[in-house]
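Novice: So here's target05.cif, just mmCIF, C-alpha atoms:
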data_input
#
loop_
_atom_site.group_PDB
_atom_site.id
_atom_site.type_symbol
_atom_site.label_atom_id
_atom_site.label_comp_id
_atom_site.auth_asym_id
_atom_site.auth_seq_id
_atom_site.Cartn_x
_atom_site.Cartn_y
_atom_site.Cartn_z
ATOM 1 C CA PHE Y 1 18.881 6.996 -4.738
ATOM 2 C CA LEU Y 2 18.772 5.810 -1.140
ATOM 3 C CA MET Y 3 15.716 6.312 0.995
ATOM 4 C CA THR Y 4 15.575 6.785 4.723
ATOM 5 C CA LYS Y 5 13.578 4.229 6.722
ATOM 6 C CA GLY Y 6 10.838 6.843 7.142
ATOM 7 C CA GLU Y 7 10.643 7.540 3.414
ATOM 8 C CA TYR Y 8 10.587 3.815 2.635
ATOM 9 C CA ASP Y 9 7.782 3.206 5.142
ATOM 10 C CA PHE Y 10 5.842 6.136 3.693
ATOM 11 C CA GLU Y 11 6.179 4.669 0.171
ATOM 12 C CA VAL Y 12 5.084 1.232 1.414
ATOM 13 C CA LEU Y 13 2.037 2.853 3.026
ATOM 14 C CA ASN Y 14 1.253 4.628 -0.254
ATOM 15 C CA TYR Y 15 1.390 1.400 -2.265
ATOM 16 C CA TYR Y 16 -0.626 -0.394 0.414
ATOM 17 C CA TYR Y 17 -3.285 2.317 0.226
ATOM 18 C CA LEU Y 18 -3.413 2.213 -3.574
ATOM 19 C CA ALA Y 19 -3.686 -1.584 -3.616
ATOM 20 C CA LEU Y 20 -6.533 -1.521 -1.077
ATOM 21 C CA VAL Y 21 -8.347 1.115 -3.140
ATOM 22 C CA ASP Y 22 -7.826 -1.060 -6.234
ATOM 23 C CA LEU Y 23 -9.483 -3.968 -4.438
ATOM 24 C CA LEU Y 24 -12.436 -1.780 -3.473
ATOM 25 C CA MET Y 25 -12.727 -0.609 -7.090
ATOM 26 C CA GLY Y 26 -13.008 -4.179 -8.357
ATOM 27 C CA VAL Y 27 -9.438 -5.132 -9.233
ATOM 28 C CA THR Y 28 -9.248 -8.867 -8.570
ATOM 29 C CA TYR Y 29 -6.969 -10.535 -6.070
ATOM 30 C CA GLN Y 30 -5.266 -12.312 -8.992
ATOM 31 C CA GLU Y 31 -4.648 -9.051 -10.878
ATOM 32 C CA LEU Y 32 -3.103 -7.562 -7.751
ATOM 33 C CA HIS Y 33 -0.980 -10.680 -7.308
ATOM 34 C CA ASN Y 34 0.227 -10.326 -10.929
ATOM 35 C CA GLN Y 35 1.079 -6.694 -10.218
ATOM 36 C CA LEU Y 36 3.134 -7.845 -7.222
ATOM 37 C CA LYS Y 37 5.095 -10.198 -9.502
ATOM 38 C CA ASP Y 38 5.750 -7.283 -11.890
ATOM 39 C CA PHE Y 39 7.032 -5.110 -9.032
ATOM 40 C CA GLU Y 40 9.278 -7.973 -7.883
ATOM 41 C CA GLY Y 41 10.715 -8.249 -11.391
ATOM 42 C CA LEU Y 42 11.392 -4.506 -11.407
ATOM 43 C CA GLU Y 43 12.836 -4.698 -7.880
ATOM 44 C CA ILE Y 44 10.514 -1.993 -6.564
ATOM 45 C CA TYR Y 45 10.603 -3.333 -3.030
ATOM 46 C CA GLU Y 46 8.444 -0.688 -1.367
ATOM 47 C CA ALA Y 47 5.710 -1.509 -3.914
ATOM 48 C CA CYS Y 48 6.145 -5.233 -3.202
ATOM 49 C CA ASP Y 49 5.793 -4.683 0.539
ATOM 50 C CA GLY Y 50 2.704 -2.493 0.130
ATOM 51 C CA VAL Y 51 0.891 -4.779 -2.301
ATOM 52 C CA LYS Y 52 1.825 -7.878 -0.283
ATOM 53 C CA LYS Y 53 0.345 -6.270 2.826
ATOM 54 C CA ALA Y 54 -2.862 -5.438 0.932
ATOM 55 C CA LEU Y 55 -3.158 -9.019 -0.318
ATOM 56 C CA GLU Y 56 -2.744 -10.271 3.260
ATOM 57 C CA GLN Y 57 -5.528 -7.899 4.361
ATOM 58 C CA ALA Y 58 -7.745 -9.142 1.528
ATOM 59 C CA ASP Y 59 -7.246 -12.714 2.766
ATOM 60 C CA LYS Y 60 -8.694 -11.968 6.179
ATOM 61 C CA CYS Y 61 -11.011 -8.966 5.810
ATOM 62 C CA THR Y 62 -14.446 -8.210 4.462
ATOM 63 C CA ILE Y 63 -14.976 -5.377 1.979
ATOM 64 C CA LYS Y 64 -16.364 -3.280 4.830
ATOM 65 C CA GLU Y 65 -13.204 -3.880 6.881
ATOM 66 C CA ILE Y 66 -11.027 -2.991 3.897
ATOM 67 C CA GLN Y 67 -12.990 0.249 3.483
ATOM 68 C CA LEU Y 68 -12.351 1.043 7.146
ATOM 69 C CA GLU Y 69 -8.630 0.284 6.689
ATOM 70 C CA VAL Y 70 -8.532 2.617 3.655
ATOM 71 C CA ASN Y 71 -9.971 5.407 5.813
ATOM 72 C CA ILE Y 72 -7.394 4.777 8.549
ATOM 73 C CA VAL Y 73 -4.486 4.680 6.076
ATOM 74 C CA GLU Y 74 -5.736 7.883 4.403
ATOM 75 C CA LEU Y 75 -5.490 9.694 7.724
ATOM 76 C CA GLU Y 76 -2.032 8.264 8.384
ATOM 77 C CA LEU Y 77 -0.783 9.291 4.933
ATOM 78 C CA GLN Y 78 -2.110 12.802 5.444
ATOM 79 C CA LYS Y 79 -0.381 13.014 8.823
ATOM 80 C CA GLN Y 80 2.929 11.847 7.310
ATOM 81 C CA ARG Y 81 2.605 14.229 4.336
ATOM 82 C CA ASP Y 82 2.228 17.087 6.798
ATOM 83 C CA ILE Y 83 5.415 15.937 8.570
ATOM 84 C CA TYR Y 84 7.463 15.645 5.343
ATOM 85 C CA GLU Y 85 6.237 18.949 3.917
ATOM 86 C CA ASP Y 86 7.277 20.962 6.975
#
Just give me the structure as C-alpha cells.

Specialist:
Amino acid sequence: FLMTKGEYDFEVLNYYYLALVDLLMGVTYQELHNQLKDFEGLEIYEACDGVKKALEQADKCTIKEIQLEVNIVELELQKQRDIYED
C-alpha cells in the first residue's frame, strides 16, 4: 500500500527511535548496521532511513546525547500520534 509523505516520515521517526533505544540498551553499532542491511534486502525503506539516521547519530554523539535525542523523539512521536488519531 502507498503511504503519504507524513505517514512515511512518521514510520522513519519510529524506526529511528527504536534504533536509538537499541543502542542505549547495548545493541552494538555493528548489529544495527547488519539490521540495516536486512531492511535493505527486504526493501523496507522507512526502516532503512530510520536506522541509517540512528547510525549517523551514533557516529557523532555521546550516550548522554543519544539519551537526550531519545527523549526529544519520544515527544515528537507522541505529538504525531495525537495528530493521526484525531

Novice: For this file, the PyMOL selection byres ((chain Y and resi 57) around 12) selects which residues, as number ranges by chain?

Specialist: Y: 16-17, 19-20, 23, 29, 50-56, 58-70

Novice: With C-alpha atoms retained, export the selected residues as a PDB file, in the frame of the given file.

Specialist:
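Result file follows (part-v1.pdb):
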ATOM      1  CA  TYR Y  16      -0.626  -0.394   0.414  1.00  0.00           C
ATOM      2  CA  TYR Y  17      -3.285   2.317   0.226  1.00  0.00           C
ATOM      3  CA  ALA Y  19      -3.686  -1.584  -3.616  1.00  0.00           C
ATOM      4  CA  LEU Y  20      -6.533  -1.521  -1.077  1.00  0.00           C
ATOM      5  CA  LEU Y  23      -9.483  -3.968  -4.438  1.00  0.00           C
ATOM      6  CA  TYR Y  29      -6.969 -10.535  -6.070  1.00  0.00           C
ATOM      7  CA  GLY Y  50       2.704  -2.493   0.130  1.00  0.00           C
ATOM      8  CA  VAL Y  51       0.891  -4.779  -2.301  1.00  0.00           C
ATOM      9  CA  LYS Y  52       1.825  -7.878  -0.283  1.00  0.00           C
ATOM     10  CA  LYS Y  53       0.345  -6.270   2.826  1.00  0.00           C
ATOM     11  CA  ALA Y  54      -2.862  -5.438   0.932  1.00  0.00           C
ATOM     12  CA  LEU Y  55      -3.158  -9.019  -0.318  1.00  0.00           C
ATOM     13  CA  GLU Y  56      -2.744 -10.271   3.260  1.00  0.00           C
ATOM     14  CA  ALA Y  58      -7.745  -9.142   1.528  1.00  0.00           C
ATOM     15  CA  ASP Y  59      -7.246 -12.714   2.766  1.00  0.00           C
ATOM     16  CA  LYS Y  60      -8.694 -11.968   6.179  1.00  0.00           C
ATOM     17  CA  CYS Y  61     -11.011  -8.966   5.810  1.00  0.00           C
ATOM     18  CA  THR Y  62     -14.446  -8.210   4.462  1.00  0.00           C
ATOM     19  CA  ILE Y  63     -14.976  -5.377   1.979  1.00  0.00           C
ATOM     20  CA  LYS Y  64     -16.364  -3.280   4.830  1.00  0.00           C
ATOM     21  CA  GLU Y  65     -13.204  -3.880   6.881  1.00  0.00           C
ATOM     22  CA  ILE Y  66     -11.027  -2.991   3.897  1.00  0.00           C
ATOM     23  CA  GLN Y  67     -12.990   0.249   3.483  1.00  0.00           C
ATOM     24  CA  LEU Y  68     -12.351   1.043   7.146  1.00  0.00           C
ATOM     25  CA  GLU Y  69      -8.630   0.284   6.689  1.00  0.00           C
ATOM     26  CA  VAL Y  70      -8.532   2.617   3.655  1.00  0.00           C
TER      27      VAL Y  70
END

Novice: Identify which of the residues Y:Val27, Y:Asn71, Y:Tyr15, Y:Lys79 lies closest to Y:Phe39, counting all atoms listed in the file when measuring atom-to-atom distances.

Specialist: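 With all atoms listed in the file as the atom set, the closest residue is Y:Tyr15.
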
Novice: At a cut-off of 12 Å, using only C-alpha atoms, what residues contact Y:Gly6? Leave out same-chain residues fewer than 5 positions from it and give the result as an NGL selection string.

Specialist: :Y and (11-13 or 46 or 80-81 or 83-84)

Novice: Work out how far apart atom CA of Y:Leu36 and atom CA of Y:Asp49 are and give it in Å to one decimal.

Specialist: 8.8 Å

Novice: From the list Y:Glu76, Y:Asp38, Y:Asp82, Y:Asp22, which residue is nearest Y:Asp9 when using all atoms listed in the file?

Specialist: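 Closest residue, counting all atoms listed in the file: Y:Glu76.
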
Novice: I need the residue nearest Y:Leu32 from this list: Y:Ile44, Y:Leu18, Y:Leu77, Y:Leu2. Use all atoms listed in the file for the distance.

Specialist: Y:Leu18

Novice: One decimal, in Å: what's the spacing between atom CA of Y:Gln78 and atom CA of Y:Tyr8?

Specialist: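 Computing it gives 15.8 Å between the two atoms.
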
Novice: Quick check, in Å to one decimal: how far apart do atom CA of Y:Leu42 and atom CA of Y:Glu74 lie?

Specialist: 26.4 Å

Novice: Can you tell me, as lines of an AutoDock Vina configuration file, the centre and edge lengths (Å, one decimal) of the axis-aligned box enclosing all of stretch 32-46 of chain Y's listed atoms after padding each side by 5 Å?

Specialist:
center_x = 4.9
center_y = -5.7
center_z = -6.6
size_x = 25.9
size_y = 20.0
size_z = 20.5
